[in-house]
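Engineer: Below is work-v4.tsv; it holds TSV, C-alpha atoms.
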chain	number	residue	atom	x	y	z
A	1	MET	CA	119.10	91.83	75.86
A	2	GLU	CA	121.66	94.44	74.94
A	3	PHE	CA	120.96	96.59	71.90
A	4	CYS	CA	117.29	95.51	71.87
A	5	ARG	CA	114.31	97.80	71.53
A	6	ALA	CA	110.55	97.27	71.82
A	7	LEU	CA	107.58	98.72	69.97
A	8	ILE	CA	104.12	98.10	71.38
A	9	PHE	CA	100.99	98.61	69.32
A	10	GLY	CA	98.45	100.32	71.57
A	11	ASN	CA	94.96	99.89	70.20
A	12	PRO	CA	92.00	101.04	72.36
A	13	ASN	CA	91.63	97.58	73.92
A	14	ALA	CA	94.99	98.14	75.64
A	15	THR	CA	93.14	100.16	78.31
A	16	GLN	CA	90.92	97.22	79.30
A	17	PRO	CA	91.74	96.10	82.86
A	18	ILE	CA	92.73	92.62	83.95
A	19	LEU	CA	92.45	92.34	87.73
A	20	PHE	CA	92.11	96.13	87.94
A	21	LYS	CA	95.31	96.76	85.95
A	22	PRO	CA	95.09	97.98	82.32
A	23	SER	CA	96.38	95.45	79.78
A	24	LEU	CA	99.04	97.85	78.49
A	25	LEU	CA	100.63	98.09	81.95
A	26	TRP	CA	100.94	94.29	82.09
A	27	VAL	CA	102.80	94.42	78.77
A	28	LEU	CA	105.04	97.32	79.81
A	29	ASP	CA	105.98	95.47	83.01
A	30	ALA	CA	106.88	92.33	81.04
A	31	VAL	CA	109.11	94.31	78.68
A	32	ARG	CA	110.86	96.12	81.54
A	33	ASP	CA	111.33	92.85	83.41
A	34	CYS	CA	113.34	91.79	80.35
A	35	LYS	CA	115.60	94.82	80.96
A	36	ILE	CA	114.40	96.51	77.79
A	37	GLU	CA	114.06	100.13	78.86
A	38	ASP	CA	113.94	101.70	75.39
A	39	LEU	CA	110.35	101.14	74.31
A	40	THR	CA	107.76	103.05	72.34
A	41	VAL	CA	103.97	102.74	72.20
A	42	LEU	CA	102.43	103.33	68.78
A	43	THR	CA	98.86	104.55	69.23
A	44	ALA	CA	96.25	106.88	67.83
A	45	SER	CA	94.20	106.66	71.03
A	46	THR	CA	94.41	109.59	73.44
A	47	GLU	CA	93.43	107.29	76.33
A	48	VAL	CA	96.18	104.80	75.53
A	49	ARG	CA	98.68	107.64	75.08
A	50	ALA	CA	97.85	109.10	78.49
A	51	LEU	CA	98.13	105.68	80.11
A	52	ALA	CA	101.50	104.99	78.49
A	53	GLU	CA	102.97	108.39	79.30
A	54	ASN	CA	101.86	108.14	82.94
A	55	ALA	CA	103.77	104.85	83.02
A	56	GLY	CA	106.89	106.55	81.64
A	57	ALA	CA	106.74	105.18	78.09
A	58	ASP	CA	107.40	107.16	74.93
A	59	CYS	CA	104.50	107.40	72.49
A	60	LEU	CA	104.23	107.80	68.73
A	61	ALA	CA	101.13	108.50	66.65
A	62	PRO	CA	100.68	106.75	63.29
A	63	GLU	CA	101.32	109.03	60.30
A	64	SER	CA	98.38	107.59	58.38
A	65	ASP	CA	95.85	104.78	58.42
A	66	ALA	CA	98.37	102.64	56.53
A	67	ASP	CA	101.11	103.25	59.07
A	68	ASN	CA	101.70	100.17	61.23
A	69	SER	CA	104.18	98.85	63.75
A	70	CYS	CA	106.60	97.63	61.06
A	71	THR	CA	106.72	100.93	59.18
A	72	ALA	CA	106.73	102.98	62.38
A	73	VAL	CA	109.72	101.19	63.83
A	74	LEU	CA	111.93	102.39	60.99
A	75	ARG	CA	111.06	105.96	61.99
A	76	VAL	CA	111.26	105.40	65.73
A	77	PHE	CA	114.77	103.98	65.63
A	78	ALA	CA	116.02	105.90	62.60
A	79	GLN	CA	118.90	107.49	64.52
A	80	GLU	CA	120.11	104.31	66.17
A	81	GLN	CA	120.84	100.74	65.22
A	82	PRO	CA	119.25	98.24	67.61
A	83	ARG	CA	120.24	94.72	66.72
A	84	ASP	CA	116.83	93.20	67.44
A	85	ILE	CA	113.37	94.71	67.79
A	86	LEU	CA	110.54	93.24	69.85
A	87	PHE	CA	107.03	93.76	68.47
A	88	LEU	CA	104.14	93.38	70.92
A	89	ARG	CA	100.45	94.18	71.22
A	90	GLY	CA	99.30	96.26	74.15
A	91	ASP	CA	96.05	94.30	74.45
A	92	MET	CA	97.76	90.94	75.13
A	93	PRO	CA	98.52	91.07	78.87
A	94	LEU	CA	99.86	87.53	79.23
A	95	MET	CA	102.99	87.93	77.10
A	96	HIS	CA	105.15	87.20	80.13
A	97	GLU	CA	108.86	87.99	80.35
A	98	LEU	CA	109.67	84.25	80.37
A	99	PHE	CA	107.97	83.83	77.00
A	100	ILE	CA	109.74	86.87	75.59
A	101	HIS	CA	113.05	85.48	76.81
A	102	ALA	CA	112.30	82.03	75.35
A	103	ALA	CA	111.56	83.53	71.94
A	104	TYR	CA	114.69	85.67	72.13
A	105	ASP	CA	116.86	82.66	72.97
A	106	ALA	CA	115.49	80.76	69.97
A	107	HIS	CA	115.94	83.87	67.83
A	108	GLN	CA	119.63	84.10	68.73
A	109	LYS	CA	120.41	80.37	68.76
A	110	ASN	CA	118.87	79.72	65.34
A	111	LYS	CA	120.05	83.02	63.84
A	112	ASN	CA	116.54	83.83	62.71
A	113	ASP	CA	115.51	86.95	60.85
A	114	MET	CA	112.13	86.75	62.61
A	115	THR	CA	110.93	84.68	65.57
A	116	ALA	CA	107.22	84.96	66.24
A	117	PHE	CA	104.67	83.64	68.68
A	118	CYS	CA	101.61	82.28	66.93
A	119	CYS	CA	98.14	81.43	68.18
A	120	PRO	CA	97.43	77.68	67.97
A	121	ARG	CA	93.67	78.27	67.81
A	122	GLU	CA	93.33	80.91	65.13
A	123	GLY	CA	95.13	79.52	62.13
A	124	GLY	CA	98.59	80.45	63.37
A	125	ALA	CA	97.93	84.19	63.64
A	126	LEU	CA	101.09	86.00	64.73
A	127	LEU	CA	100.89	87.63	68.14
A	128	ALA	CA	104.36	89.00	68.84
A	129	ALA	CA	107.79	88.75	67.28
A	130	TRP	CA	111.50	89.36	67.52
A	131	VAL	CA	112.82	90.82	64.25
A	132	ARG	CA	116.41	91.47	63.26
A	133	ARG	CA	116.80	95.14	62.38
A	134	SER	CA	118.80	94.42	59.20
A	135	ALA	CA	116.13	91.97	58.00
A	136	LEU	CA	113.41	94.57	58.55
A	137	GLU	CA	115.34	97.17	56.56
A	138	ASN	CA	115.96	94.70	53.72
A	139	ALA	CA	112.28	93.78	53.63
A	140	ALA	CA	111.26	97.44	53.51
A	141	ALA	CA	113.71	98.08	50.66
A	142	ASN	CA	112.29	95.30	48.51
A	143	ALA	CA	108.55	95.38	49.23
A	144	SER	CA	105.86	97.50	50.83
A	145	LEU	CA	105.32	96.78	54.50
A	146	THR	CA	101.83	98.28	54.38
A	147	GLY	CA	98.73	96.39	53.43
A	148	SER	CA	95.62	94.88	54.97
A	149	GLY	CA	95.79	92.45	57.84
A	150	CYS	CA	98.40	91.88	60.51
A	151	PRO	CA	101.67	93.74	59.80
A	152	LEU	CA	103.67	90.89	61.32
A	153	VAL	CA	102.07	88.42	58.91
A	154	ARG	CA	102.89	90.78	56.05
A	155	LEU	CA	106.50	91.05	57.20
A	156	SER	CA	106.79	87.28	57.60
A	157	GLU	CA	105.59	86.73	54.03
A	158	ILE	CA	108.06	89.26	52.64
A	159	LEU	CA	110.98	87.78	54.57
A	160	GLN	CA	110.19	84.22	53.53
A	161	LYS	CA	109.86	85.17	49.86
A	162	ALA	CA	113.29	86.82	50.08
A	163	GLY	CA	114.81	83.67	51.60
A	164	GLY	CA	114.86	84.98	55.17
A	165	LYS	CA	114.71	82.62	58.12
A	166	VAL	CA	111.40	82.81	59.97
A	167	GLN	CA	110.51	80.62	62.94
A	168	THR	CA	107.14	80.46	64.67
A	169	LEU	CA	106.60	79.26	68.23
A	170	GLU	CA	103.23	78.33	69.65
A	171	ALA	CA	101.99	80.40	72.56
A	172	PRO	CA	102.98	78.52	75.74
A	173	PHE	CA	99.37	78.16	76.89
A	174	PRO	CA	96.04	79.07	75.25
A	175	GLU	CA	95.30	82.12	77.43
A	176	ALA	CA	98.57	83.77	76.36
A	177	ALA	CA	97.15	84.04	72.86
A	178	LEU	CA	94.08	85.99	73.99
A	179	CYS	CA	93.67	89.74	73.71
A	180	THR	CA	91.29	91.95	75.66
A	181	ASP	CA	88.91	92.70	72.78
A	182	THR	CA	85.84	90.88	74.16
A	183	ALA	CA	84.23	90.40	77.54
A	184	ARG	CA	84.58	86.65	77.16
A	185	SER	CA	88.32	86.90	76.50
A	186	ARG	CA	88.81	89.26	79.45
A	187	ASN	CA	86.92	86.86	81.70
A	188	THR	CA	89.09	83.94	80.57
A	189	ILE	CA	92.33	85.89	81.03
A	190	THR	CA	91.23	87.16	84.45
A	191	ALA	CA	90.27	83.67	85.63
A	192	TYR	CA	93.68	82.34	84.60
A	193	VAL	CA	95.64	85.17	86.26
A	194	ARG	CA	93.47	85.19	89.38
A	195	ARG	CA	93.99	81.48	89.94
A	196	ASN	CA	97.76	81.78	89.49
A	197	ILE	CA	98.01	84.68	91.94
A	198	LEU	CA	95.93	82.97	94.63
A	199	GLU	CA	97.82	79.70	94.27
A	200	SER	CA	101.12	81.58	94.57
A	201	LEU	CA	99.85	83.20	97.79
A	202	LEU	CA	98.83	79.81	99.16
A	203	ASP	CA	102.28	78.42	98.36
A	204	ALA	CA	103.81	81.42	100.18
A	205	GLY	CA	101.84	80.68	103.36
A	206	VAL	CA	98.83	82.98	103.02
A	207	GLU	CA	95.60	81.44	104.33
A	208	ILE	CA	92.69	81.47	101.86
A	209	PRO	CA	90.06	79.10	103.28
A	210	SER	CA	87.81	79.63	100.27
A	211	MET	CA	88.61	81.40	97.01
A	212	ASP	CA	85.00	82.55	96.56
A	213	GLY	CA	85.03	86.21	95.57
A	214	VAL	CA	88.71	86.70	96.46
A	215	LEU	CA	90.45	88.96	93.92
A	216	VAL	CA	94.08	90.02	94.34
A	217	GLY	CA	95.74	92.37	91.86
A	218	PRO	CA	99.20	91.70	90.39
A	219	ASP	CA	100.91	94.51	92.32
A	220	VAL	CA	99.58	93.47	95.75
A	221	THR	CA	101.89	92.01	98.42
A	222	VAL	CA	100.48	89.75	101.14
A	223	LYS	CA	102.81	88.39	103.82
A	224	ALA	CA	102.75	84.78	105.00
A	225	GLY	CA	100.34	84.16	107.85
A	226	ALA	CA	97.72	86.64	106.66
A	227	THR	CA	94.19	85.36	105.99
A	228	LEU	CA	91.93	86.39	103.12
A	229	LEU	CA	88.28	85.52	103.67
A	230	PRO	CA	85.60	85.28	100.93
A	231	GLY	CA	84.70	88.51	99.19
A	232	THR	CA	88.08	90.15	99.84
A	233	ILE	CA	89.34	92.38	97.01
A	234	LEU	CA	92.87	93.78	97.05
A	235	ARG	CA	93.96	96.08	94.25
A	236	GLY	CA	96.57	98.64	93.29
A	237	ARG	CA	99.82	98.76	95.25
A	238	THR	CA	98.45	97.32	98.48
A	239	THR	CA	100.51	95.55	101.15
A	240	VAL	CA	99.13	93.31	103.90
A	241	GLY	CA	101.16	92.33	106.97
A	242	ALA	CA	101.54	88.92	108.57
A	243	GLY	CA	98.73	87.73	110.82
A	244	SER	CA	96.14	90.13	109.45
A	245	VAL	CA	92.63	88.89	108.67
A	246	LEU	CA	90.79	90.61	105.85
A	247	GLY	CA	87.14	89.99	105.10
A	248	PRO	CA	84.63	88.81	104.59
A	249	ASN	CA	83.57	91.40	102.00
A	250	THR	CA	86.49	93.80	102.33
A	251	LEU	CA	87.96	96.07	99.63
A	252	ILE	CA	91.47	97.55	100.00
A	253	GLU	CA	93.00	99.81	97.34
A	254	ASP	CA	96.52	101.33	97.26
A	255	SER	CA	96.83	100.99	101.02
A	256	GLU	CA	99.23	99.62	103.62
A	257	ILE	CA	97.79	97.22	106.19
A	258	GLY	CA	100.00	96.36	109.17
A	259	GLU	CA	100.42	93.09	111.03
A	260	ASN	CA	97.67	91.36	113.03
A	261	ALA	CA	95.03	93.75	111.76
A	262	VAL	CA	91.39	92.70	111.46
A	263	LEU	CA	89.28	94.38	108.77
A	264	ASN	CA	85.75	93.01	108.45
A	265	SER	CA	83.40	94.37	105.77
A	266	THR	CA	85.62	97.40	105.32
A	267	GLN	CA	86.55	99.61	102.38
A	268	CYS	CA	89.90	101.38	102.53
A	269	TYR	CA	91.45	103.65	99.89
A	270	ARG	CA	94.97	105.14	99.67
A	271	SER	CA	95.54	105.02	103.42
A	272	ARG	CA	97.78	103.42	106.04
A	273	VAL	CA	96.33	101.11	108.66
A	274	GLN	CA	98.82	100.08	111.34
A	275	SER	CA	99.22	96.87	113.30
A	276	GLY	CA	96.72	95.46	115.77
A	277	VAL	CA	93.68	97.40	114.61
A	278	ASN	CA	90.16	96.00	114.81
A	279	ILE	CA	87.96	97.52	112.14
A	280	GLY	CA	84.42	96.83	111.04
A	281	PRO	CA	81.91	95.83	110.12
A	282	PHE	CA	80.76	98.49	107.62
A	283	VAL	CA	83.65	100.95	107.91
A	284	HIS	CA	84.76	103.34	105.17
A	285	ILE	CA	88.35	104.65	105.28
A	286	ARG	CA	88.77	107.34	102.66
A	287	PRO	CA	92.05	108.54	101.12
A	288	ASN	CA	94.94	110.11	103.04
A	289	SER	CA	94.08	108.60	106.38
A	290	VAL	CA	96.38	106.99	108.96
A	291	VAL	CA	94.83	104.62	111.48
A	292	GLY	CA	97.26	103.98	114.35
A	293	GLU	CA	98.12	100.81	116.21
A	294	ASN	CA	95.41	99.05	118.21
A	295	VAL	CA	92.71	101.48	117.08
A	296	HIS	CA	89.14	100.21	117.01
A	297	LEU	CA	86.71	101.46	114.37
A	298	GLY	CA	83.27	99.93	114.81
A	299	ASN	CA	80.16	99.63	112.70
A	300	PHE	CA	79.16	102.52	110.43
A	301	VAL	CA	82.25	104.64	111.01
A	302	GLU	CA	83.72	106.81	108.24
A	303	VAL	CA	87.25	108.26	108.35
A	304	LYS	CA	88.45	110.80	105.79
A	305	ASN	CA	91.83	112.55	105.47
A	306	SER	CA	92.47	112.03	109.18
A	307	ASN	CA	95.11	110.75	111.57
A	308	ILE	CA	93.92	108.58	114.43
A	309	ASP	CA	96.61	107.70	116.97
A	310	THR	CA	97.28	104.58	119.04
A	311	GLY	CA	94.54	102.96	121.10
A	312	THR	CA	91.68	105.28	120.13
A	313	LYS	CA	88.18	103.81	119.95
A	314	VAL	CA	85.52	104.99	117.53
A	315	SER	CA	82.90	102.36	118.12
A	316	HIS	CA	79.88	103.24	116.01
A	317	LEU	CA	77.92	105.70	113.87
A	318	THR	CA	80.62	108.37	113.70
A	319	TYR	CA	82.24	110.57	111.04
A	320	VAL	CA	85.87	111.63	111.51
A	321	GLY	CA	86.88	113.97	108.70
A	322	ASP	CA	89.91	116.25	108.32
A	323	SER	CA	90.95	115.54	111.89
A	324	ASP	CA	94.01	114.82	113.97
A	325	VAL	CA	93.07	112.56	116.86
A	326	GLY	CA	95.42	111.70	119.72
A	327	LYS	CA	96.03	108.51	121.67
A	328	ARG	CA	93.40	106.61	123.69
A	329	VAL	CA	90.54	108.91	122.72
A	330	ASN	CA	87.03	107.53	123.18
A	331	PHE	CA	84.30	108.59	120.72
A	332	GLY	CA	80.70	108.20	121.82
A	333	CYS	CA	78.05	107.07	119.36
A	334	GLY	CA	76.89	109.59	116.77
A	335	THR	CA	79.85	111.97	116.90
A	336	VAL	CA	80.49	114.18	113.87
A	337	THR	CA	83.47	116.35	113.07
A	338	VAL	CA	81.79	119.18	111.18
A	339	ASN	CA	84.56	119.98	108.72
A	340	TYR	CA	82.84	121.79	105.84
A	341	THR	CA	81.23	125.23	105.81
A	342	GLY	CA	79.99	124.97	102.24
A	343	LYS	CA	82.93	127.06	101.06
A	344	ALA	CA	86.00	125.65	102.81
A	345	LYS	CA	87.12	122.71	104.93
A	346	PHE	CA	88.79	122.97	108.33
A	347	ARG	CA	90.51	120.54	110.68
A	348	THR	CA	89.61	119.32	114.13
A	349	THR	CA	92.30	118.47	116.69
A	350	ILE	CA	91.64	116.17	119.64
A	351	GLY	CA	94.29	115.59	122.31
A	352	ASP	CA	95.32	112.38	124.06
A	353	ASP	CA	92.88	110.68	126.44
A	354	ALA	CA	89.96	112.93	125.50
A	355	PHE	CA	86.40	111.65	125.85
A	356	ILE	CA	83.86	112.73	123.23
A	357	GLY	CA	80.32	112.28	124.45
A	358	CYS	CA	77.55	110.75	122.33
A	359	ASN	CA	76.04	112.94	119.63
A	360	THR	CA	78.74	115.60	119.88
A	361	ASN	CA	79.24	117.93	116.92
A	362	LEU	CA	82.78	119.31	116.72
A	363	VAL	CA	82.53	122.36	114.44
A	364	ALA	CA	85.95	122.90	112.88
A	365	PRO	CA	88.30	124.60	113.29
A	366	VAL	CA	88.26	123.53	116.91
A	367	LYS	CA	90.62	121.91	119.43
A	368	VAL	CA	89.82	119.57	122.28
A	369	GLY	CA	92.67	119.44	124.81
A	370	ASP	CA	94.33	116.43	126.41
A	371	GLY	CA	92.03	114.63	128.81
A	372	ALA	CA	89.08	116.93	128.06
A	373	TYR	CA	85.46	115.75	127.94
A	374	THR	CA	82.47	116.88	125.92
A	375	ALA	CA	79.00	116.44	127.30
A	376	ALA	CA	76.63	114.26	125.28
A	377	GLY	CA	74.58	116.18	122.74
A	378	SER	CA	76.93	119.18	122.63
A	379	THR	CA	77.73	121.28	119.58
A	380	ILE	CA	81.27	122.45	120.27
A	381	THR	CA	82.33	125.62	118.46
A	382	GLU	CA	85.12	126.83	120.74
A	383	ASP	CA	88.34	125.20	121.94
A	384	ILE	CA	88.16	123.11	125.12
A	385	PRO	CA	91.19	123.35	127.44
A	386	ALA	CA	92.96	120.24	128.70
A	387	ASP	CA	91.06	118.33	131.43
A	388	ALA	CA	87.98	120.57	131.05
A	389	LEU	CA	84.38	119.58	130.35
A	390	GLY	CA	82.78	121.26	127.35
A	391	ILE	CA	78.99	121.62	127.47
A	392	ALA	CA	77.17	123.28	124.61
A	393	ARG	CA	73.49	122.44	124.66
A	394	ALA	CA	70.26	124.20	125.59
A	395	ARG	CA	69.06	123.87	129.18
A	396	GLN	CA	66.24	121.33	129.49
A	397	VAL	CA	62.74	122.71	130.12
A	398	ASN	CA	59.83	120.44	131.20
A	399	LYS	CA	56.31	121.72	130.47
A	400	ASP	CA	53.87	119.94	132.76
A	401	GLY	CA	50.70	118.61	131.11
A	402	TRP	CA	51.81	119.50	127.59
A	403	SER	CA	51.58	115.95	126.24
A	404	ARG	CA	48.05	115.40	127.63
A	405	ARG	CA	46.76	118.64	126.14
A	406	PHE	CA	48.40	117.87	122.80
A	407	LYS	CA	46.69	114.48	122.58
A	408	GLU	CA	43.30	115.96	123.47
A	409	GLU	CA	43.65	118.60	120.76
A	410	LYS	CA	44.44	115.88	118.20
A	411	LYS	CA	41.16	114.12	119.07
So that I can check it, write out the structure of this file as structure tokens.
Structural biologist:
Amino acid sequence: MEFCRALIFGNPNATQPILFKPSLLWVLDAVRDCKIEDLTVLTASTEVRALAENAGADCLAPESDADNSCTAVLRVFAQEQPRDILFLRGDMPLMHELFIHAAYDAHQKNKNDMTAFCCPREGGALLAAWVRRSALENAAANASLTGSGCPLVRLSEILQKAGGKVQTLEAPFPEAALCTDTARSRNTITAYVRRNILESLLDAGVEIPSMDGVLVGPDVTVKAGATLLPGTILRGRTTVGAGSVLGPNTLIEDSEIGENAVLNSTQCYRSRVQSGVNIGPFVHIRPNSVVGENVHLGNFVEVKNSNIDTGTKVSHLTYVGDSDVGKRVNFGCGTVTVNYTGKAKFRTTIGDDAFIGCNTNLVAPVKVGDGAYTAAGSTITEDIPADALGIARARQVNKDGWSRRFKEEKK
């Protein structure tokens, strides 16, 4: 599509998400998939502007309430002469690249001045259009492009009155004509996209025994042989390796999951989980964490901003925060890395083959050497050398008869 440009109208509904991805980003991806890199978003919304700019798109604010996509495009491309201009709405996420290409092919083949998609349900309302630049300039020279209603409808009327050639194509399926302006429309669009994504995964060899509660975002990659159980939600730029089993009730966001990993009732955000892990149930992996190969994280374990190396076991009721943990470490139940003083956070380092006894508090900054042990119930505030035993607890004192006297006093 050489010498083509795109202008996207970004009303506030363009920020509404479809499968966790804002509608505008669906549209921008479709335009870029058509190899149209020169695009501009026309919007008066600060939220839409921020979204577009973060995605690398140029933005333009309307000059007035009467300024619309047709009038704006003459300003946007005033210094250049694109042959054809694509008009789109940022709140219509299902304008796929194939549909844009189909309209462009008809536009070129039939030598149209305007080729528009229309909605078959709503009286032929125009949704998107290819417009020849020369036809747009001629229309603007002979009539006002401003006015109430859809600017594309206004442009179509002007072109047809001037003898221009206008062709309308029906949207390829009903959902493509929907915008994200109502909860009902968003639900319908999401159901359509969700079904397509899951069926594509099934065709690619991903096991989905039941689709109940399974949601997979458009930028997620799942390799053949992986299994998604009910209640699994994958969003953002997540990748899942072959042979992994996710779910039930597992949420993964912007994370990399290796091969043959098992994550049951787990939430994982912006982290990397390597192959062969066994995680869950009820595990929370917070951002910037790396969980190494064959690591086990058991029930009610939380990991935050930490690196846990190969073969380590953190079986239950433990918090690992701001820590660097070596290979084959064993964490006893109830261990806490005490990383926050109330003013600053510090890191804990644990060497290979260390053994952390139950109910140990590791008060950072502190280092536990290779092969070292901590006694159960210890609060460790100083470094433990390699192969040493760290004990930090009060000596036990038994007071004979205390319990009997206490009970008598209560009576």
Engineer: Need to verify the contact set: Val166 of chain A, 8 Å, all atoms listed in the file, exclusion of same-chain residues closer than 4 positions in sequence. Can you return it as a ChimeraX atom specification?
Structural biologist: /A:112-116,156,159-160
Engineer: For each of A:Gln396, A:Thr180, A:Gln108, A:Ser64, take the minimum atom-to-atom distance to Thr15 of chain A, counting only C-alpha atoms, then give the residue where this is smallest.
Structural biologist: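 With only C-alpha atoms as the atom set, the closest residue is A:Thr180.
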Engineer: Quick one: pull the distance between atom CA of Arg83 of chain A and atom CA of Phe3 of chain A, Å, one decimal.
Structural biologist: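 According to the coordinates, atom CA of Arg83 of chain A and atom CA of Phe3 of chain A are separated by 5.6 Å.
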Engineer: Please report the interatomic distance between atom CA of Ile380 of chain A and atom CA of Tyr269 of chain A in Å with one decimal.
Structural biologist: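 Separation between atom CA of Ile380 of chain A and atom CA of Tyr269 of chain A: 29.5 Å.
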Engineer: Need to verify the contact set: segment 30-34 of chain A, 12 Å, only C-alpha atoms, exclusion of same-chain residues closer than 2 positions in sequence. Can you return it as an MDAnalysis selection string?
Structural biologist: chainID A and resid 1:2 4:8 23:28 36:41 55:57 85:90 92:104
Engineer: Mind writing the picked residues with C-alpha atoms as a PDB file, in the frame of the given file?
Structural biologist:
ATOM      1  CA  MET A   1     119.100  91.830  75.860  1.00  0.00           C
ATOM      2  CA  GLU A   2     121.660  94.440  74.940  1.00  0.00           C
ATOM      3  CA  CYS A   4     117.290  95.510  71.870  1.00  0.00           C
ATOM      4  CA  ARG A   5     114.310  97.800  71.530  1.00  0.00           C
ATOM      5  CA  ALA A   6     110.550  97.270  71.820  1.00  0.00           C
ATOM      6  CA  LEU A   7     107.580  98.720  69.970  1.00  0.00           C
ATOM      7  CA  ILE A   8     104.120  98.100  71.380  1.00  0.00           C
ATOM      8  CA  SER A  23      96.380  95.450  79.780  1.00  0.00           C
ATOM      9  CA  LEU A  24      99.040  97.850  78.490  1.00  0.00           C
ATOM     10  CA  LEU A  25     100.630  98.090  81.950  1.00  0.00           C
ATOM     11  CA  TRP A  26     100.940  94.290  82.090  1.00  0.00           C
ATOM     12  CA  VAL A  27     102.800  94.420  78.770  1.00  0.00           C
ATOM     13  CA  LEU A  28     105.040  97.320  79.810  1.00  0.00           C
ATOM     14  CA  ILE A  36     114.400  96.510  77.790  1.00  0.00           C
ATOM     15  CA  GLU A  37     114.060 100.130  78.860  1.00  0.00           C
ATOM     16  CA  ASP A  38     113.940 101.700  75.390  1.00  0.00           C
ATOM     17  CA  LEU A  39     110.350 101.140  74.310  1.00  0.00           C
ATOM     18  CA  THR A  40     107.760 103.050  72.340  1.00  0.00           C
ATOM     19  CA  VAL A  41     103.970 102.740  72.200  1.00  0.00           C
ATOM     20  CA  ALA A  55     103.770 104.850  83.020  1.00  0.00           C
ATOM     21  CA  GLY A  56     106.890 106.550  81.640  1.00  0.00           C
ATOM     22  CA  ALA A  57     106.740 105.180  78.090  1.00  0.00           C
ATOM     23  CA  ILE A  85     113.370  94.710  67.790  1.00  0.00           C
ATOM     24  CA  LEU A  86     110.540  93.240  69.850  1.00  0.00           C
ATOM     25  CA  PHE A  87     107.030  93.760  68.470  1.00  0.00           C
ATOM     26  CA  LEU A  88     104.140  93.380  70.920  1.00  0.00           C
ATOM     27  CA  ARG A  89     100.450  94.180  71.220  1.00  0.00           C
ATOM     28  CA  GLY A  90      99.300  96.260  74.150  1.00  0.00           C
ATOM     29  CA  MET A  92      97.760  90.940  75.130  1.00  0.00           C
ATOM     30  CA  PRO A  93      98.520  91.070  78.870  1.00  0.00           C
ATOM     31  CA  LEU A  94      99.860  87.530  79.230  1.00  0.00           C
ATOM     32  CA  MET A  95     102.990  87.930  77.100  1.00  0.00           C
ATOM     33  CA  HIS A  96     105.150  87.200  80.130  1.00  0.00           C
ATOM     34  CA  GLU A  97     108.860  87.990  80.350  1.00  0.00           C
ATOM     35  CA  LEU A  98     109.670  84.250  80.370  1.00  0.00           C
ATOM     36  CA  PHE A  99     107.970  83.830  77.000  1.00  0.00           C
ATOM     37  CA  ILE A 100     109.740  86.870  75.590  1.00  0.00           C
ATOM     38  CA  HIS A 101     113.050  85.480  76.810  1.00  0.00           C
ATOM     39  CA  ALA A 102     112.300  82.030  75.350  1.00  0.00           C
ATOM     40  CA  ALA A 103     111.560  83.530  71.940  1.00  0.00           C
ATOM     41  CA  TYR A 104     114.690  85.670  72.130  1.00  0.00           C
TER      42      TYR A 104
END
Engineer: Rounded to one decimal, what separation in Å do you get between atom CA of Ala226 of chain A and atom CA of Pro281 of chain A?
Structural biologist: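 For atom CA of Ala226 of chain A relative to atom CA of Pro281 of chain A, the distance reads 18.6 Å.
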Engineer: (81.4, 119.2, 118.3) in this file's frame - what residues fall within 7 Å of it? Use only C-alpha atoms and give the answer as a CSV table (one decimal) with C-alpha atoms, in the frame of the given file.
Structural biologist:
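Saved result, selection.csv, follows:
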chain,number,residue,atom,x,y,z
A,336,VAL,CA,80.5,114.2,113.9
A,337,THR,CA,83.5,116.4,113.1
A,360,THR,CA,78.7,115.6,119.9
A,361,ASN,CA,79.2,117.9,116.9
A,362,LEU,CA,82.8,119.3,116.7
A,363,VAL,CA,82.5,122.4,114.4
A,378,SER,CA,76.9,119.2,122.6
A,379,THR,CA,77.7,121.3,119.6
A,380,ILE,CA,81.3,122.4,120.3
A,381,THR,CA,82.3,125.6,118.5
Engineer: Using only C-alpha atoms, collect all residues at a distance of at most 7 Å from (86.7, 93.5, 95.2) as written in the file, then present them as a ChimeraX atom specification.
Structural biologist: /A:215,231-234,251
Engineer: Output C-alpha atoms for every residue in the selection just made, as a short mmCIF file (atom, residue, chain, number, x, y, z; two decimals), in the coordinates of the input.
Structural biologist:
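Resulting contents of out.cif:
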data_model
loop_
_atom_site.label_atom_id
_atom_site.label_comp_id
_atom_site.auth_asym_id
_atom_site.auth_seq_id
_atom_site.Cartn_x
_atom_site.Cartn_y
_atom_site.Cartn_z
CA LEU A 215 90.45 88.96 93.92
CA GLY A 231 84.70 88.51 99.19
CA THR A 232 88.08 90.15 99.84
CA ILE A 233 89.34 92.38 97.01
CA LEU A 234 92.87 93.78 97.05
CA LEU A 251 87.96 96.07 99.63
#
Engineer: Between A:Pro218, A:Asn187, A:Cys70, A:Phe355, single out the one closest to Leu201 of chain A, counting all atoms listed in the file.
Structural biologist: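 Closest to Leu201 of chain A of all the choices is A:Pro218.
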